[in-house]
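Okay, final02.cif now, which holds mmCIF, C-alpha atoms:
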```cif
data_entry
loop_
_atom_site.group_PDB
_atom_site.id
_atom_site.type_symbol
_atom_site.label_atom_id
_atom_site.label_comp_id
_atom_site.auth_asym_id
_atom_site.auth_seq_id
_atom_site.Cartn_x
_atom_site.Cartn_y
_atom_site.Cartn_z
ATOM 1 C CA MET A 1 140.610 42.126 4.029
ATOM 2 C CA ASN A 2 143.995 43.631 3.506
ATOM 3 C CA PHE A 3 146.877 43.665 5.935
ATOM 4 C CA TRP A 4 146.511 47.328 6.914
ATOM 5 C CA ASP A 5 142.831 46.951 7.807
ATOM 6 C CA ARG A 6 143.581 43.899 9.871
ATOM 7 C CA ILE A 7 146.368 45.611 11.802
ATOM 8 C CA THR A 8 144.501 48.857 12.448
ATOM 9 C CA GLY A 9 141.089 47.283 13.059
ATOM 10 C CA ASN A 10 139.379 49.287 10.325
ATOM 11 C CA ASP A 11 137.467 46.204 9.220
ATOM 12 C CA ILE A 12 135.945 45.782 12.671
ATOM 13 C CA ASN A 13 135.093 49.482 12.881
ATOM 14 C CA ARG A 14 133.227 49.296 9.573
ATOM 15 C CA GLN A 15 131.414 46.166 10.661
ATOM 16 C CA TRP A 16 130.530 47.719 14.022
ATOM 17 C CA LYS A 17 129.065 50.836 12.351
ATOM 18 C CA GLU A 18 126.970 48.568 10.150
ATOM 19 C CA PHE A 19 125.760 46.654 13.213
ATOM 20 C CA LYS A 20 124.804 49.916 14.949
ATOM 21 C CA SER A 21 122.783 51.127 11.983
ATOM 22 C CA ARG A 22 121.017 47.780 11.692
ATOM 23 C CA ALA A 23 120.267 47.686 15.427
ATOM 24 C CA ASN A 24 118.903 51.248 15.422
ATOM 25 C CA LYS A 25 116.239 50.187 12.911
ATOM 26 C CA LEU A 26 114.847 47.629 15.380
ATOM 27 C CA PRO A 27 112.116 48.341 17.981
ATOM 28 C CA ALA A 28 113.134 49.526 21.451
ATOM 29 C CA ASP A 29 112.777 46.130 23.159
ATOM 30 C CA TYR A 30 115.023 44.523 20.549
ATOM 31 C CA GLN A 31 117.572 47.316 20.994
ATOM 32 C CA THR A 32 117.620 46.764 24.757
ATOM 33 C CA ALA A 33 118.193 43.051 24.264
ATOM 34 C CA TRP A 34 120.912 43.846 21.693
ATOM 35 C CA MET A 35 122.791 45.988 24.220
ATOM 36 C CA GLN A 36 122.538 43.261 26.884
ATOM 37 C CA ILE A 37 123.766 40.621 24.453
ATOM 38 C CA ASN A 38 126.703 42.847 23.475
ATOM 39 C CA ALA A 39 127.666 43.267 27.112
ATOM 40 C CA GLU A 40 127.580 39.511 27.644
ATOM 41 C CA LEU A 41 129.339 38.440 24.452
ATOM 42 C CA TRP A 42 132.196 40.944 24.581
ATOM 43 C CA GLN A 43 133.331 39.267 27.792
ATOM 44 C CA ARG A 44 134.062 36.212 25.662
ATOM 45 C CA SER A 45 136.015 38.147 23.075
ATOM 46 C CA ASP A 46 139.615 37.572 22.160
ATOM 47 C CA PHE A 47 142.008 40.530 22.068
ATOM 48 C CA THR A 48 140.762 41.832 18.720
ATOM 49 C CA GLY A 49 137.077 40.920 18.931
ATOM 50 C CA ARG A 50 137.125 39.121 15.602
ATOM 51 C CA ASN A 51 135.755 35.919 17.119
ATOM 52 C CA ILE A 52 132.596 37.698 18.311
ATOM 53 C CA MET A 53 131.718 39.564 15.112
ATOM 54 C CA PRO A 54 130.177 36.560 13.270
ATOM 55 C CA ILE A 55 128.119 35.728 16.354
ATOM 56 C CA LEU A 56 126.829 39.302 16.607
ATOM 57 C CA ASP A 57 125.991 39.269 12.902
ATOM 58 C CA GLY A 58 123.944 36.114 13.409
ATOM 59 C CA VAL A 59 122.103 37.638 16.371
ATOM 60 C CA LEU A 60 121.203 40.708 14.330
ATOM 61 C CA ASP A 61 119.970 38.489 11.496
ATOM 62 C CA LEU A 62 117.805 36.596 13.987
ATOM 63 C CA PHE A 63 116.419 39.848 15.400
ATOM 64 C CA GLU A 64 115.640 41.280 11.974
ATOM 65 C CA GLU A 65 113.860 38.128 10.827
ATOM 66 C CA SER A 66 111.843 37.743 14.014
ATOM 67 C CA ASN A 67 110.885 41.426 13.979
ATOM 68 C CA ALA A 68 109.729 41.087 10.357
ATOM 69 C CA GLN A 69 107.573 38.142 11.422
ATOM 70 C CA GLY A 70 106.054 40.235 14.224
ATOM 71 C CA GLN A 71 107.478 38.192 17.081
ATOM 72 C CA ASN A 72 108.075 39.611 20.533
ATOM 73 C CA ILE A 73 111.639 39.636 21.900
ATOM 74 C CA GLN A 74 110.515 37.344 24.737
ATOM 75 C CA ASP A 75 109.365 34.778 22.168
ATOM 76 C CA VAL A 76 112.758 34.904 20.480
ATOM 77 C CA LEU A 77 115.090 34.826 23.487
ATOM 78 C CA GLY A 78 112.948 33.607 26.309
ATOM 79 C CA GLY A 79 113.684 35.233 29.634
ATOM 80 C CA ASP A 80 117.317 34.230 29.970
ATOM 81 C CA ILE A 81 119.653 36.452 27.952
ATOM 82 C CA LYS A 82 122.741 35.235 29.794
ATOM 83 C CA GLY A 83 121.859 31.629 28.990
ATOM 84 C CA PHE A 84 121.210 32.549 25.366
ATOM 85 C CA CYS A 85 124.635 34.201 25.120
ATOM 86 C CA ALA A 86 126.375 31.324 26.874
ATOM 87 C CA SER A 87 124.893 28.830 24.435
ATOM 88 C CA LEU A 88 125.832 31.024 21.469
ATOM 89 C CA ALA A 89 129.408 31.529 22.598
ATOM 90 C CA GLY A 90 129.761 27.930 23.716
ATOM 91 C CA GLU A 91 128.735 26.607 20.325
ATOM 92 C CA GLN A 92 131.258 28.852 18.623
ATOM 93 C CA GLY A 93 134.014 27.899 21.077
ATOM 94 C CA ALA A 94 134.472 31.473 22.291
ATOM 95 C CA LYS A 95 136.353 31.522 25.544
ATOM 96 C CA THR A 96 136.369 34.160 28.235
ATOM 97 C CA TYR A 97 139.532 35.799 29.464
ATOM 98 C CA ARG A 98 139.250 33.585 32.518
ATOM 99 C CA ASP A 99 139.294 30.460 30.333
ATOM 100 C CA GLY A 100 142.433 31.692 28.591
ATOM 101 C CA TRP A 101 144.145 32.396 31.893
ATOM 102 C CA ARG A 102 143.127 28.962 33.186
ATOM 103 C CA ASP A 103 144.595 27.273 30.107
ATOM 104 C CA GLN A 104 147.799 29.280 30.472
ATOM 105 C CA LEU A 105 148.095 28.374 34.152
ATOM 106 C CA ASN A 106 147.490 24.687 33.469
ATOM 107 C CA ALA A 107 150.087 24.668 30.696
ATOM 108 C CA SER A 108 152.577 26.388 32.984
ATOM 109 C CA ILE A 109 151.991 23.885 35.777
ATOM 110 C CA LEU A 110 152.351 20.925 33.394
ATOM 111 C CA ARG A 111 155.562 22.416 32.042
ATOM 112 C CA LYS A 112 156.954 22.812 35.598
ATOM 113 C CA LEU A 113 155.985 19.238 36.428
ATOM 114 C CA GLY A 114 157.746 18.029 33.292
ATOM 115 C CA ARG A 115 154.709 16.530 31.584
#
```
Is it possible to express this structure as structure tokens?
Amino acid sequence: MNFWDRITGNDINRQWKEFKSRANKLPADYQTAWMQINAELWQRSDFTGRNIMPILDGVLDLFEESNAQGQNIQDVLGGDIKGFCASLAGEQGAKTYRDGWRDQLNASILRKLGR
């Protein structure tokens, strides 16, 4: 990735278009789950979204493989999409905006206390 693509976000746009085309090839129930997972995971994104892209790629890989094997989306994810996303993002160390604000507040308080 070159500097210009990184600054402008062209690399993410290309990757996102690829994700959309891959997701559109999936059955309707997989597409619905994909949209719900996107909504959940983007809350844990950093400013650019680069920390979420590998996670989303892995989810699409999982969906494509399970669809090829003829599995139902409920067999893949269970009934708890929010729990699935929390475990995915937690394993990757993706923090929410709230976590970042909490860390910033704690650092500010420690700095004021002189620790």
(request) Kindly resolve the PyMOL selection byres ((chain A and resi 3-18) around 12) on the present coordinates and return the residues as number ranges by chain. (result) A: 1-2, 19-25, 38, 47-54, 56-57, 60
Write out the residues from the selection above, keeping C-alpha atoms, as a compact mmCIF listing (two decimals), keeping the file's coordinate frame.
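See part-v4.txt below for the written result:
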```txt
# COMPACT_ATOMS: atom_id res chain seq x y z
CA MET A 1 140.61 42.13 4.03
CA ASN A 2 144.00 43.63 3.51
CA PHE A 19 125.76 46.65 13.21
CA LYS A 20 124.80 49.92 14.95
CA SER A 21 122.78 51.13 11.98
CA ARG A 22 121.02 47.78 11.69
CA ALA A 23 120.27 47.69 15.43
CA ASN A 24 118.90 51.25 15.42
CA LYS A 25 116.24 50.19 12.91
CA ASN A 38 126.70 42.85 23.48
CA PHE A 47 142.01 40.53 22.07
CA THR A 48 140.76 41.83 18.72
CA GLY A 49 137.08 40.92 18.93
CA ARG A 50 137.12 39.12 15.60
CA ASN A 51 135.76 35.92 17.12
CA ILE A 52 132.60 37.70 18.31
CA MET A 53 131.72 39.56 15.11
CA PRO A 54 130.18 36.56 13.27
CA LEU A 56 126.83 39.30 16.61
CA ASP A 57 125.99 39.27 12.90
CA LEU A 60 121.20 40.71 14.33
```
(message) So the first atom is atom CA of Gly58 of chain A and the second is atom CA of Gly100 of chain A; what is the distance between them in Å, to one decimal place?
(response)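 Computed distance, atom CA of Gly58 of chain A to atom CA of Gly100 of chain A, equals 24.3 Å.
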(message) Running the PyMOL selection byres ((chain A and resi 34) around 10) on this model by hand, what would come out? Give it as a PyMOL selection string.
(response) chain A and resi 20+23-24+26+28-33+35-40+56+59-60+63+81
(request) Would you list the contacts of Gly83 of chain A as a ChimeraX atom specification, taking every protein, DNA or RNA residue within 12 Å and counting all atoms listed in the file, but skipping same-chain residues closer than 4 positions in sequence? (result) /A:36-37,40-41,77-79,87-90
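With only C-alpha atoms as the atoms that count, the minimum distance from Ile73 of chain A to the choices A:Asp99, A:Arg44, A:Asn106, A:Pro27 is reached by A:Pro27.
Picture a line from atom CA of Trp42 of chain A to atom CA of Asp61 of chain A; it runs 18.1 Å.
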(message) I need the residue nearest Cys85 of chain A from this list: A:Leu113, A:Gln69, A:Gln104, A:Gln43. Use all atoms listed in the file for the distance.
(response)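 Closest candidate: A:Gln43.
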